[in-house]
Every structure is written in structure tokens, then in C-alpha cells.
$ cat work29.cif   # mmCIF, C-alpha atoms
data_query
loop_
_atom_site.label_atom_id
_atom_site.label_comp_id
_atom_site.auth_asym_id
_atom_site.auth_seq_id
_atom_site.Cartn_x
_atom_site.Cartn_y
_atom_site.Cartn_z
CA MET M 1 114.77 -56.02 110.17
CA SER M 2 114.89 -59.61 109.18
CA GLY M 3 112.48 -60.33 106.37
CA ASN M 4 109.78 -59.19 104.04
CA GLU M 5 107.22 -59.16 106.75
CA SER M 6 109.11 -56.78 108.96
CA VAL M 7 109.75 -54.32 106.14
CA ASP M 8 106.16 -54.59 105.04
CA SER M 9 104.51 -54.25 108.39
CA HIS M 10 106.34 -51.49 110.23
CA LEU M 11 105.63 -48.61 107.94
CA SER M 12 103.49 -47.56 105.04
CA HIS M 13 104.88 -48.33 101.61
CA ASP M 14 105.05 -44.64 101.01
CA VAL M 15 107.43 -44.05 103.87
CA LEU M 16 109.52 -47.10 103.01
CA ALA M 17 109.77 -45.98 99.40
CA PHE M 18 110.81 -42.53 100.59
CA GLU M 19 113.49 -44.02 102.84
CA TYR M 20 114.71 -46.24 100.04
CA VAL M 21 114.98 -43.38 97.58
CA THR M 22 116.63 -41.00 100.04
CA GLY M 23 119.10 -43.77 100.81
CA VAL M 24 118.59 -44.11 104.55
CA LEU M 25 117.47 -47.72 104.20
CA ARG M 26 120.74 -49.55 104.51
CA GLY M 27 122.08 -53.07 104.76
CA GLU M 28 119.54 -55.85 105.21
CA GLU M 29 116.64 -53.37 105.29
CA ARG M 30 117.59 -52.20 101.84
CA ARG M 31 118.00 -55.70 100.45
CA VAL M 32 114.67 -56.84 101.85
CA PHE M 33 113.01 -53.78 100.37
CA GLU M 34 114.60 -54.43 96.97
CA ARG M 35 113.30 -58.00 96.97
CA LEU M 36 109.86 -56.69 97.78
CA LEU M 37 110.18 -54.08 95.06
CA HIS M 38 110.60 -56.74 92.38
CA THR M 39 107.23 -58.25 93.13
CA ASN M 40 105.16 -55.28 94.19
CA ASP M 41 104.02 -52.90 91.45
CA SER M 42 102.47 -50.42 93.81
CA LEU M 43 105.72 -50.17 95.74
CA ALA M 44 107.58 -49.63 92.46
CA ASP M 45 105.14 -46.81 91.67
CA GLN M 46 105.87 -45.20 95.03
CA VAL M 47 109.60 -45.46 94.41
CA ARG M 48 109.24 -43.84 91.01
CA PHE M 49 107.14 -41.08 92.56
CA TRP M 50 109.85 -40.24 95.08
CA GLU M 51 112.66 -40.61 92.56
CA GLU M 52 110.99 -38.06 90.29
CA GLN M 53 110.14 -35.68 93.13
CA LEU M 54 113.44 -35.80 95.01
CA MET M 55 115.39 -35.50 91.80
CA GLN M 56 114.30 -31.86 91.94
CA LEU M 57 116.58 -31.39 94.93
CA SER M 58 119.67 -31.67 92.84
CA ASP M 59 120.77 -28.90 90.59
CA GLU M 60 121.32 -30.09 87.03
CA THR M 61 123.82 -27.32 86.45
CA ASP M 62 125.99 -28.68 89.25
CA VAL M 63 128.42 -30.82 87.24
CA ARG M 64 131.81 -32.45 87.75
CA THR M 65 133.79 -33.56 84.72
CA PRO M 66 134.42 -37.31 84.90
CA ASP M 67 137.93 -38.69 84.74
CA ALA M 68 139.33 -38.54 81.20
CA ASP M 69 139.83 -42.32 81.04
CA LEU M 70 136.39 -43.24 82.19
CA TRP M 71 134.74 -43.61 78.80
CA LYS M 72 137.61 -45.79 77.59
CA ASN M 73 137.23 -48.00 80.65
CA ILE M 74 133.50 -48.33 80.05
CA GLN M 75 134.13 -49.21 76.43
CA VAL M 76 136.63 -51.88 77.39
CA ARG M 77 134.12 -53.41 79.79
CA LEU M 78 131.37 -53.28 77.17
CA ASN M 79 133.48 -54.92 74.53
CA ALA M 80 134.71 -57.56 76.94
CA THR M 81 131.12 -58.41 77.73
CA THR M 82 129.71 -58.24 74.24
CA ALA M 83 132.54 -60.09 72.54
CA HIS M 84 131.10 -63.29 73.91
CA SER M 85 127.44 -62.53 73.98
CA GLU M 86 125.63 -60.00 71.89
CA PRO M 87 125.95 -57.95 68.69
CA VAL M 88 126.84 -54.29 69.04
CA LEU M 89 126.08 -51.62 66.51
CA THR M 90 129.24 -49.81 65.58
CA SER M 91 130.16 -47.45 62.79
CA LYS M 92 130.77 -50.45 60.54
CA SER M 93 127.96 -50.97 58.13
CA LEU M 94 125.25 -53.40 59.04
CA TRP M 95 123.43 -52.78 55.78
CA PRO M 96 124.24 -56.03 53.97
CA ARG M 97 123.21 -58.05 56.99
CA TRP M 98 119.96 -56.27 57.40
CA PHE M 99 117.46 -58.96 56.89
CA MET M 100 119.69 -61.63 58.30
CA TRP M 101 118.94 -60.40 61.77
CA ALA M 102 117.01 -62.96 63.64
CA MET M 103 113.43 -61.85 63.60
CA PRO M 104 112.56 -62.74 67.17
CA SER M 105 115.43 -60.86 68.73
CA LEU M 106 114.93 -57.86 66.50
CA ALA M 107 111.26 -57.87 67.28
CA VAL M 108 111.96 -57.75 70.96
CA MET M 109 114.36 -54.86 70.46
CA VAL M 110 111.86 -53.06 68.29
CA LEU M 111 109.23 -53.49 70.97
CA ALA M 112 111.50 -51.99 73.56
CA PHE M 113 112.38 -49.22 71.16
CA SER M 114 108.77 -48.40 70.44
CA PHE M 115 108.05 -47.84 74.09
CA LEU M 116 111.09 -45.67 74.35
CA LEU M 117 110.65 -43.36 71.45
CA PHE M 118 107.27 -41.91 72.25
CA PRO M 119 108.06 -40.25 75.46
CA PRO M 120 104.97 -38.98 77.21
CA LEU M 121 105.65 -38.81 80.91
CA LYS M 122 101.98 -39.19 81.70
CA LYS M 123 100.75 -42.73 81.52
CA THR M 124 97.68 -41.89 79.46
CA SER M 125 99.11 -39.80 76.64
CA GLY M 126 101.15 -42.31 74.62
CA PRO M 127 100.01 -43.99 71.45
CA ASN M 128 98.37 -47.34 71.96
CA ALA M 129 100.60 -48.93 69.40
CA ASP M 130 99.57 -51.75 67.08
CA TYR M 131 102.46 -52.05 64.63
CA VAL M 132 105.92 -50.61 64.88
CA ALA M 133 109.01 -50.35 62.71
CA VAL M 134 112.33 -48.74 63.53
CA LEU M 135 113.96 -47.64 60.29
CA THR M 136 117.72 -47.43 60.56
CA ASP M 137 120.30 -46.17 58.12
CA PRO M 138 123.21 -48.21 56.68
CA GLN M 139 125.26 -47.41 59.78
CA GLY M 140 122.59 -48.80 62.05
CA ALA M 141 121.44 -45.44 63.41
CA ALA M 142 117.70 -45.01 63.82
CA ARG M 143 116.30 -42.43 61.42
CA LEU M 144 112.59 -42.93 61.70
CA THR M 145 110.34 -44.87 64.02
CA VAL M 146 106.84 -45.58 62.80
CA LEU M 147 103.95 -46.68 64.96
CA THR M 148 100.34 -47.23 64.08
CA ALA M 149 98.01 -46.29 66.88
CA THR M 150 94.35 -46.38 67.80
CA SER M 151 93.75 -49.53 65.77
CA GLY M 152 95.22 -48.30 62.57
CA LYS M 153 93.62 -44.90 62.41
CA GLN M 154 96.82 -42.99 62.92
CA LEU M 155 100.45 -43.25 61.99
CA TRP M 156 102.94 -41.85 64.49
CA LEU M 157 106.32 -40.78 63.19
CA LYS M 158 109.43 -40.06 65.19
CA TRP M 159 112.12 -38.58 62.95
CA ASP M 160 115.73 -38.44 63.85
CA SER M 161 118.39 -36.27 62.20
CA LEU M 162 117.26 -36.81 58.67
CA ASN M 163 117.78 -34.00 56.21
CA ILE M 164 115.82 -33.75 53.01
CA ALA M 165 117.85 -32.62 50.03
CA PRO M 166 116.61 -29.49 48.20
CA GLU M 167 113.84 -30.30 45.75
CA LYS M 168 113.51 -33.78 47.11
CA ASN M 169 110.89 -35.53 49.24
CA LEU M 170 110.97 -38.59 51.40
CA GLN M 171 108.69 -41.51 50.66
CA LEU M 172 107.70 -44.29 52.99
CA TRP M 173 107.00 -47.74 51.53
CA ALA M 174 105.59 -51.01 52.78
CA VAL M 175 107.14 -54.28 51.66
CA SER M 176 104.39 -56.88 51.60
CA LYS M 177 104.74 -60.10 53.55
CA SER M 178 102.39 -61.97 51.27
CA ASP M 179 103.45 -60.98 47.74
CA LYS M 180 106.76 -59.12 48.44
CA GLN M 181 105.52 -56.13 46.47
CA ILE M 182 106.60 -52.66 47.58
CA ARG M 183 103.75 -50.15 47.84
CA PRO M 184 103.77 -46.46 48.79
CA LEU M 185 102.51 -45.32 52.18
CA GLY M 186 103.22 -41.60 52.16
CA VAL M 187 105.34 -38.75 50.88
CA PHE M 188 106.95 -36.24 53.24
CA ALA M 189 108.33 -32.86 52.35
CA GLN M 190 109.48 -32.23 55.91
CA THR M 191 110.55 -34.34 58.80
CA ASP M 192 108.49 -32.49 61.38
CA ILE M 193 105.32 -34.44 60.72
CA ALA M 194 104.61 -36.45 63.83
CA GLN M 195 101.17 -37.90 63.10
CA LEU M 196 99.23 -38.84 60.00
CA GLU M 197 95.70 -40.09 59.51
CA LEU M 198 95.83 -43.56 57.95
CA THR M 199 93.49 -44.57 55.16
CA LYS M 200 92.00 -48.04 55.33
CA ALA M 201 94.11 -49.05 52.34
CA ASN M 202 97.32 -47.90 54.02
CA TRP M 203 96.32 -49.60 57.25
CA ARG M 204 95.95 -52.86 55.31
CA LEU M 205 99.39 -52.31 53.75
CA ILE M 206 100.97 -51.91 57.16
CA LYS M 207 99.17 -54.94 58.56
CA ASP M 208 100.58 -56.97 55.67
CA ALA M 209 104.06 -55.40 55.75
CA GLU M 210 107.14 -57.37 56.62
CA SER M 211 109.20 -54.18 56.59
CA LEU M 212 109.06 -50.48 55.81
CA ILE M 213 111.58 -48.53 53.78
CA LEU M 214 112.25 -44.83 53.40
CA THR M 215 113.59 -43.48 50.13
CA GLU M 216 114.54 -40.15 48.66
CA GLU M 217 112.30 -39.19 45.75
CA ASP M 218 111.52 -36.22 43.59
CA VAL M 219 108.97 -33.75 44.91
CA GLY M 220 105.57 -35.41 45.07
CA GLY M 221 106.98 -38.90 45.38
CA SER M 222 108.03 -41.55 42.92
CA PRO M 223 106.31 -40.94 39.57
CA ILE M 224 106.30 -44.67 38.81
CA ASP M 225 105.16 -45.81 42.23
CA GLU M 226 108.38 -47.70 42.77
CA PRO M 227 111.08 -46.76 45.25
CA SER M 228 114.23 -45.07 43.99
CA ASP M 229 117.65 -46.56 44.62
CA ILE M 230 118.31 -44.01 47.33
CA VAL M 231 117.16 -46.01 50.34
CA LEU M 232 117.76 -43.91 53.43
CA ALA M 233 116.53 -46.33 56.05
CA LYS M 234 114.60 -49.52 56.52
CA GLY M 235 113.20 -51.61 59.32
CA VAL M 236 111.21 -54.73 60.07
CA CYS M 237 107.54 -54.18 60.86
CA VAL M 238 106.33 -55.83 64.03
CA LEU M 239 102.87 -56.41 65.41
CA LEU M 240 103.05 -55.30 69.02
CA ALA M 241 99.99 -57.08 70.33
CA LYS M 242 101.39 -60.48 69.36
CA LEU M 243 104.76 -59.60 70.75
CA GLU M 244 103.41 -58.38 74.02
CA SER M 245 101.48 -61.56 74.55
CA ALA M 246 104.55 -63.58 73.62
CA ILE M 247 106.90 -61.89 76.05
CA MET D 1 108.32 -28.34 81.52
CA THR D 2 110.10 -25.95 79.14
CA ALA D 3 110.57 -26.65 75.43
CA SER D 4 114.32 -27.07 75.89
CA HIS D 5 113.71 -29.47 78.76
CA ASP D 6 111.33 -31.51 76.61
CA SER D 7 113.75 -31.55 73.73
CA ARG D 8 116.59 -32.60 76.05
CA ASN D 9 114.39 -35.39 77.39
CA GLU D 10 113.54 -36.56 73.89
CA GLU D 11 117.18 -36.69 73.00
CA LEU D 12 118.03 -38.68 76.11
CA ILE D 13 115.12 -41.06 75.52
CA SER D 14 116.32 -41.69 71.98
CA LEU D 15 119.83 -42.33 73.21
CA VAL D 16 118.64 -44.78 75.84
CA ALA D 17 116.53 -46.47 73.16
CA ARG D 18 119.59 -46.89 70.99
CA CYS D 19 121.46 -48.40 73.89
CA ALA D 20 118.63 -50.94 74.00
CA ILE D 21 119.54 -51.98 70.47
CA ARG D 22 123.22 -52.06 71.43
CA ASP D 23 124.45 -48.87 69.81
CA GLN D 24 127.67 -48.00 71.60
CA ALA D 25 127.86 -44.60 69.95
CA ALA D 26 124.58 -43.76 71.67
CA LEU D 27 126.00 -44.71 75.06
CA LYS D 28 129.01 -42.54 74.38
CA THR D 29 126.77 -39.57 73.56
CA LEU D 30 124.72 -40.32 76.66
CA PHE D 31 127.94 -40.35 78.66
CA GLU D 32 128.98 -37.02 77.19
CA ARG D 33 125.58 -35.44 77.83
CA THR D 34 124.94 -36.74 81.33
CA GLY D 35 128.32 -37.91 82.67
CA PRO D 36 129.29 -34.59 84.29
CA TYR D 37 125.94 -34.29 86.05
CA LEU D 38 125.87 -37.92 87.18
CA ASN D 39 129.47 -37.65 88.31
CA ALA D 40 128.51 -34.70 90.51
CA VAL D 41 125.59 -36.71 91.94
CA VAL D 42 127.87 -39.64 92.72
CA TYR D 43 130.74 -37.52 94.01
CA ARG D 44 128.52 -35.74 96.51
CA ILE D 45 127.74 -39.13 98.02
CA VAL D 46 131.08 -40.93 97.87
CA LYS D 47 133.34 -37.88 98.32
CA SER D 48 136.20 -39.36 96.35
CA ASP D 49 137.13 -38.96 92.71
CA ASP D 50 138.51 -42.49 92.50
CA VAL D 51 135.42 -44.05 93.99
CA ALA D 52 133.15 -41.81 91.91
CA LYS D 53 134.96 -43.02 88.81
CA ASP D 54 134.31 -46.67 89.69
CA VAL D 55 130.71 -46.00 90.62
CA LEU D 56 130.00 -44.03 87.46
CA GLN D 57 131.50 -46.80 85.36
CA GLU D 58 129.20 -49.33 87.00
CA ALA D 59 126.27 -46.98 86.59
CA PHE D 60 126.83 -46.59 82.84
CA LEU D 61 127.22 -50.33 82.42
CA GLN D 62 123.92 -50.77 84.19
CA ILE D 63 122.30 -48.09 82.04
CA TRP D 64 123.54 -50.01 79.00
CA ASN D 65 122.34 -53.35 80.31
CA ASN D 66 118.97 -52.07 81.51
CA ALA D 67 118.22 -49.70 78.64
CA GLY D 68 115.64 -52.11 77.23
CA THR D 69 113.67 -51.98 80.45
CA TYR D 70 113.44 -48.21 80.59
CA ARG D 71 109.93 -46.86 80.02
CA PRO D 72 109.68 -43.16 79.23
CA HIS D 73 106.04 -42.96 80.28
CA LEU D 74 107.07 -44.06 83.76
CA ALA D 75 110.18 -41.98 84.40
CA ASN D 76 112.09 -39.01 83.14
CA PRO D 77 115.29 -40.33 81.49
CA LEU D 78 117.65 -38.28 83.63
CA THR D 79 115.81 -39.36 86.78
CA TRP D 80 116.12 -42.97 85.70
CA MET D 81 119.84 -42.61 85.12
CA ALA D 82 120.47 -40.54 88.24
CA SER D 83 118.63 -43.13 90.32
CA ILE D 84 120.87 -45.86 88.98
CA ALA D 85 123.95 -43.78 89.74
CA ARG D 86 122.75 -42.88 93.25
CA TYR D 87 121.89 -46.47 94.15
CA ARG D 88 125.28 -47.67 92.96
CA ALA D 89 126.92 -44.91 95.03
CA LEU D 90 124.93 -45.99 98.08
CA ASP D 91 125.94 -49.62 97.46
CA ARG D 92 129.53 -48.50 97.38
CA LEU D 93 129.17 -46.66 100.66
CA GLU D 94 127.85 -49.81 102.23
CA VAL D 95 130.61 -51.97 100.82
CA GLU D 96 133.35 -49.69 101.98
CA GLN D 97 131.82 -49.07 105.40
CA ARG D 98 134.26 -46.27 105.84
CA LEU D 99 133.96 -43.39 108.21
CA ARG D 100 133.27 -40.16 106.49
CA GLU D 101 134.39 -37.00 108.10
CA ARG D 102 132.61 -34.56 105.90
CA PHE D 103 129.78 -33.71 108.28
CA VAL D 104 132.13 -32.34 110.91
CA SER D 105 133.82 -30.08 108.43
CA ALA D 106 133.01 -26.43 108.83
CA ASP D 107 133.47 -25.96 105.10
CA HIS D 108 130.87 -28.53 104.42
CA GLU D 109 128.40 -26.93 106.79
CA TYR D 110 128.90 -23.76 104.83
CA SER D 111 128.29 -25.49 101.54
CA LEU D 112 125.09 -27.02 102.88
CA ASP D 113 123.80 -23.66 103.93
CA GLU D 114 124.75 -22.30 100.59
CA HIS D 115 122.97 -25.13 98.88
CA VAL D 116 119.79 -24.55 100.85
CA SER D 117 119.90 -20.85 100.15
CA HIS D 118 119.83 -21.59 96.43
CA HIS D 119 116.38 -23.04 96.72
CA ASN D 120 114.45 -20.05 95.65
CA PRO D 121 110.97 -21.24 94.67
CA GLU D 122 110.28 -18.29 92.39
CA HIS D 123 113.48 -18.92 90.47
CA ASP D 124 112.91 -22.66 90.34
CA ALA D 125 109.40 -22.18 89.02
CA SER D 126 110.79 -21.00 85.75
CA ALA D 127 112.79 -24.20 85.40
CA SER D 128 110.22 -26.69 86.48
CA GLN D 129 106.87 -26.86 88.15
CA LEU D 130 107.97 -30.07 89.85
CA LYS D 131 110.96 -28.33 91.35
CA PHE D 132 108.84 -25.42 92.44
CA ASN D 133 106.33 -27.70 94.14
CA LEU D 134 108.99 -29.74 95.90
CA HIS D 135 110.75 -26.73 97.27
CA ARG D 136 107.54 -25.10 98.35
CA CYS D 137 106.60 -28.29 100.19
CA LEU D 138 110.06 -28.60 101.72
CA LEU D 139 109.84 -25.07 103.01
CA ALA D 140 106.68 -26.03 104.86
CA LEU D 141 108.63 -28.65 106.84
CA SER D 142 110.66 -27.84 109.92
CA ASP D 143 114.25 -26.93 109.17
CA ASN D 144 115.60 -30.12 110.76
CA ILE D 145 113.38 -32.33 108.66
CA LYS D 146 114.12 -30.43 105.49
CA ARG D 147 117.86 -30.60 106.04
CA SER D 148 117.70 -34.27 106.99
CA VAL D 149 116.04 -35.03 103.67
CA GLU D 150 118.68 -33.07 101.81
CA LEU D 151 121.56 -34.65 103.68
CA ALA D 152 120.22 -38.13 102.99
CA TYR D 153 119.26 -37.64 99.36
CA LEU D 154 122.02 -35.37 98.14
CA TYR D 155 124.93 -36.43 100.33
CA GLY D 156 124.10 -40.05 101.12
CA TYR D 157 123.97 -39.54 104.89
CA SER D 158 122.78 -42.46 106.94
CA ARG D 159 120.32 -41.96 109.79
CA GLU D 160 123.23 -42.23 112.21
CA GLU D 161 125.22 -39.55 110.40
CA ILE D 162 122.24 -37.23 110.32
CA ALA D 163 121.75 -37.84 114.04
CA GLN D 164 125.39 -36.91 114.68
CA THR D 165 125.03 -33.77 112.60
CA PHE D 166 122.06 -32.59 114.62
CA SER D 167 123.42 -33.97 117.94
CA THR D 168 120.39 -36.12 118.42
CA ASN D 169 119.62 -39.84 118.35
CA THR D 170 118.78 -42.11 115.44
CA ASN D 171 115.19 -42.68 116.50
CA THR D 172 114.55 -38.96 116.38
CA VAL D 173 115.94 -38.84 112.85
CA LYS D 174 113.76 -41.79 111.86
CA SER D 175 110.77 -39.99 113.19
CA TRP D 176 111.73 -36.76 111.36
CA LEU D 177 112.07 -38.61 108.11
CA HIS D 178 108.79 -40.49 108.51
CA ARG D 179 106.97 -37.28 109.31
CA GLY D 180 108.78 -35.57 106.45
CA ALA D 181 107.73 -38.27 104.00
CA GLU D 182 104.09 -38.11 105.04
CA ARG D 183 103.86 -34.32 104.98
CA LEU D 184 105.77 -34.01 101.74
CA LYS D 185 103.55 -36.57 100.03
CA LEU D 186 100.42 -34.82 101.20
CA CYS D 187 101.72 -31.44 100.11
CA LEU D 188 102.98 -32.68 96.72
CA GLU D 189 99.72 -34.45 95.94
CA THR D 190 97.70 -31.40 96.96
CA ASN D 191 99.76 -29.21 94.65
CA GLN D 192 99.78 -31.54 91.66
#
$ encode --input "work29.cif" --output "C-alpha cells"
Amino acid sequence: MSGNESVDSHLSHDVLAFEYVTGVLRGEERRVFERLLHTNDSLADQVRFWEEQLMQLSDETDVRTPDADLWKNIQVRLNATTAHSEPVLTSKSLWPRWFMWAMPSLAVMVLAFSFLLFPPLKKTSGPNADYVAVLTDPQGAARLTVLTATSGKQLWLKWDSLNIAPEKNLQLWAVSKSDKQIRPLGVFAQTDIAQLELTKANWRLIKDAESLILTEEDVGGSPIDEPSDIVLAKGVCVLLAKLESAI
Amino acid sequence: MTASHDSRNEELISLVARCAIRDQAALKTLFERTGPYLNAVVYRIVKSDDVAKDVLQEAFLQIWNNAGTYRPHLANPLTWMASIARYRALDRLEVEQRLRERFVSADHEYSLDEHVSHHNPEHDASASQLKFNLHRCLLALSDNIKRSVELAYLYGYSREEIAQTFSTNTNTVKSWLHRGAERLKLCLETNQ
């Protein structure tokens, strides 16, 4: 096989995708197919179909412990790469540098994150997100991801390992872009709430928010409508529609 | 999908997401959770611990680098990671171009038979409807086609190696696989 045309014309995309995923496409055939794959969405869909189906051939309980040094080797490679290029979240606190993160790069990461954290495997069942914020703790670990969906009618919440102290609640706040005021969005007694109906007022708060913060408060929320000093997590609020058109 | 399977998926998705924002601790957890499985996937193909180690390292670096492109609504996280690991293992096979002797080994033949015998659709149904459907559809294929698919996917056999295993020629294997792909697709779509 010598070019795109030959790969494309001999067989149906289905069969080619099957051969690619099983691994019997080798050498130039494979490379030609991979080039085609980058520009052909329908072919990529076929490949994903076969990847998901054939994955069922392998037994997930069939495991083989990797070499003891392997993680260290990976870490060395990562650090060698990132030392000259990109920031890496480590156990060192990123808290003081929070809002110094460049907005555009964070926004892109948040966008990626938002697609990742709501995991429906069917294309139609995910929230059609408008705004998103990933709230991370002082160590940089994500604690809560917030999405507004269906044009501001619903708030989607993805909690992550966040314990509420006895006789305490969590409260979510919006920090306004326009007047920098912090206003309450909701109080949570438990972290198993995945969706909330949004009032019009709260929807406006989110649309105007530059960031969201999550604090620990007494039961019922802050009595003075101001956040306590116990800030558990915070994150920049990003409008997805603008981002998507910008990417 | 079972609740534990969903919860495992959610955990993996979150970990991949954190890799996208460059959280090395997340990659380490991902490595701990999936490394033994992915290592088994890779080892079956490359048949060498040293090579598997190299391949798995490359695979995890690619998972790290590509984490931002992963889309959970398009692929199961473990499938996404296993695909990366398998493709890197296949690349390695090509680079090395070395003769593998495994398919003439009597022990290996035994392990293949053993592997096939584990595919009990009723048992698999409890684990996953997808698995159940695939195995039901595979059982509807001729034994040669079914085993060719397994040898290629699980063990990284080329068409030529499959042909040697069945003492036939490469064109016959091509034809088996094409027929297998068409019939499997039809069966899987009918049962979806």
C-alpha cells in the first residue's frame, strides 16, 4: 500500500479500522491509516467503536506487576520534560500563586477538565455546559467542579474527596467580575448533591463571576452572608462557549 | 455497567483530568491503579519484561501528554489508556522486527485454549453487557476467525504469524479477518 488512496479504496473504513485496532495493519499501511485517521472523523469513530468492543477480549483481572523502578523512571522523564516547559502541580502549595495563573492557559485547562469530569459514555447524556469552574484546594487538588448547564437552568456539581466537619456546612460563593463582591450561591450539607436548579439571580451571579470559592460555614450557611476564613477550594470561572470558539 | 465499574471509571476519569492540569500525583495514582493491567496487555504482545517496561513507560508519558485530549463521552478511560499502550507495543514490535517464537510453543497453544475457554458468556454478562455481546458474537464466527481475532488483538500477531499458526497463507487470514470484522460489526450492532 503506498498512499491514502490505496488504504481508502481497497476496503471499507469499518474493516480498516478493525484491522488497525487489532494490530494487523503494519508498516506503511499503518502509517497511511494513521494519517487518514487525523483528518477523518468518521474513521476515528470506527476506531473508537472497535477499541471499545475489542477491549472486552482482555480480562481486566489478568495483571502483571510492573518493574519496581518504572514509576521512578517515568517521573524522571516527566521532570526532565517539564523543567523546561510547563508547570506541574506537586504537593507544594500553589495557594499563594492562585490568581497569578495566566488566565488563558488556565481557561484552556479548565475547559479540558470540564469535558473530563462529567463522564457519560453516551454522546447525548452530558451537560451542555455554559460556565465551568474547577475548585482546587491549597495543594492544587481538585475538590469540586461546577458546571452550569442548559443555559443556566441547572448547576452540575462533581465533588471529590471533601469531608464536611460535624455540624458544619459547605457554602459556594461567586466573586463578581464587575464589583469584586462575594455573594452566596448555595449551601451544602452533603457532598453527594450532583445537580441543583439555578435561580435566575444565581445564574446572573455565575455569569458575572470571575471565580467561585467554597468555604466551611456553620449549619445553614454564613449568618452574615460573607464567607468564613476557612476557604476549602477556589477556582476561576470560565465561559465555555467563548472558549470553544476561541480554540 | 455495574456500580463498581462506573465508580472505577469515574475515578480514572478524574485522574486523567488531573493529568491534564499537570498533577503528577494523579499520574502516579493512575499508574498504581492501571499499571499492572496495562503491563499485562503490553507483555502479552511484546513477550519480554524489559521491552514491556520501556513500552509502558512510553505509554504513561503519552497518557500524561495527551490527557487534555481525552473525552470521556467518547471512550471509556481504561480503553483509552489500553489503546495507547497496545499501539505503543505494536510500534515496538515493528521497530524491533524480531522473530517471535511463541506461536510454535506448545505451552502457548495451551494457554490460548485456556484463554478461549474462559469466555463464558453467562459469566461475562454479569461483568459487562459489552463483554457479553462481544463474546456471543465471537462465538457465532468460525473458530479460525475467532482465534485469529484473539491472536491479533491480544497477542499482537501479524497476518503472517496467524497464517503460520493455522498453516495457511496470508491472503486467507486477510479474508478471515475481513469477514470477521463485517460479521462482528453486524452482530454487535444488532445486539446493541
$ closest_residue --input "work29.cif" --among "D:Arg44, D:Gln57, D:Glu32, D:Leu184" --to "chain M" --atoms "all atoms listed in the file"
D:Gln57
$ closest_residue --input "work29.cif" --among "D:Thr29, D:Thr190, D:Asn39, D:Thr165" --to "chain M" --atoms "all atoms listed in the file"
D:Asn39
$ residues_near_point --input "work29.cif" --point "(114.5, -31.6, 50.5)" --cutoff "12 Å" --atoms "only C-alpha atoms" --output "count of residues only"
22
$ resolve_selection --input "work29.cif" --expression "the PyMOL selection byres ((chain D and resi 158) around 12)" --output "MDAnalysis selection string"
(chainID M and resid 19:20 22:27) or (chainID D and resid 45 90 93:94 97 99:100 103 148:157 159:165 170 173:174 177)
$ resolve_selection --input "work29.cif" --expression "the PyMOL selection byres ((chain M and resi 46-56) around 7)" --output "number ranges by chain"
M: 14, 17-18, 21, 42-45, 57-58; D: 75, 79, 83, 130-131, 134
$ residues_around --input "work29.cif" --residues "Asn144 of chain D" --least-positions-apart "2" --cutoff "8 Å" --atoms "all atoms listed in the file" --output "ChimeraX atom specification"
/D:142,146-148,166,176
$ atom_distance --input "work29.cif" --atom1 "atom CA of Ala20 of chain D" --atom2 "atom CA of Leu74 of chain D"
16.6 Å
$ residues_around --input "work29.cif" --residues "Asp225 of chain M" --least-positions-apart "3" --cutoff "8 Å" --atoms "all atoms listed in the file" --output "PyMOL selection string"
chain M and resi 183-184+221-222
$ atom_distance --input "work29.cif" --atom1 "atom CA of Cys187 of chain D" --atom2 "atom CA of Ala140 of chain D"
8.7 Å
$ residues_around --input "work29.cif" --residues "Leu70 of chain M" --least-positions-apart "5" --cutoff "9 Å" --atoms "all atoms listed in the file" --output "count of residues only"
5
$ atom_distance --input "work29.cif" --atom1 "atom CA of Tyr70 of chain D" --atom2 "atom CA of Gly235 of chain M"
21.5 Å
$ resolve_selection --input "work29.cif" --expression "the PyMOL selection byres ((chain D and resi 64) around 12)" --output "PyMOL selection string"
(chain M and resi 74-75+77-79+81-82+88) or (chain D and resi 15-28+30-31+57-63+65-70+81+84)
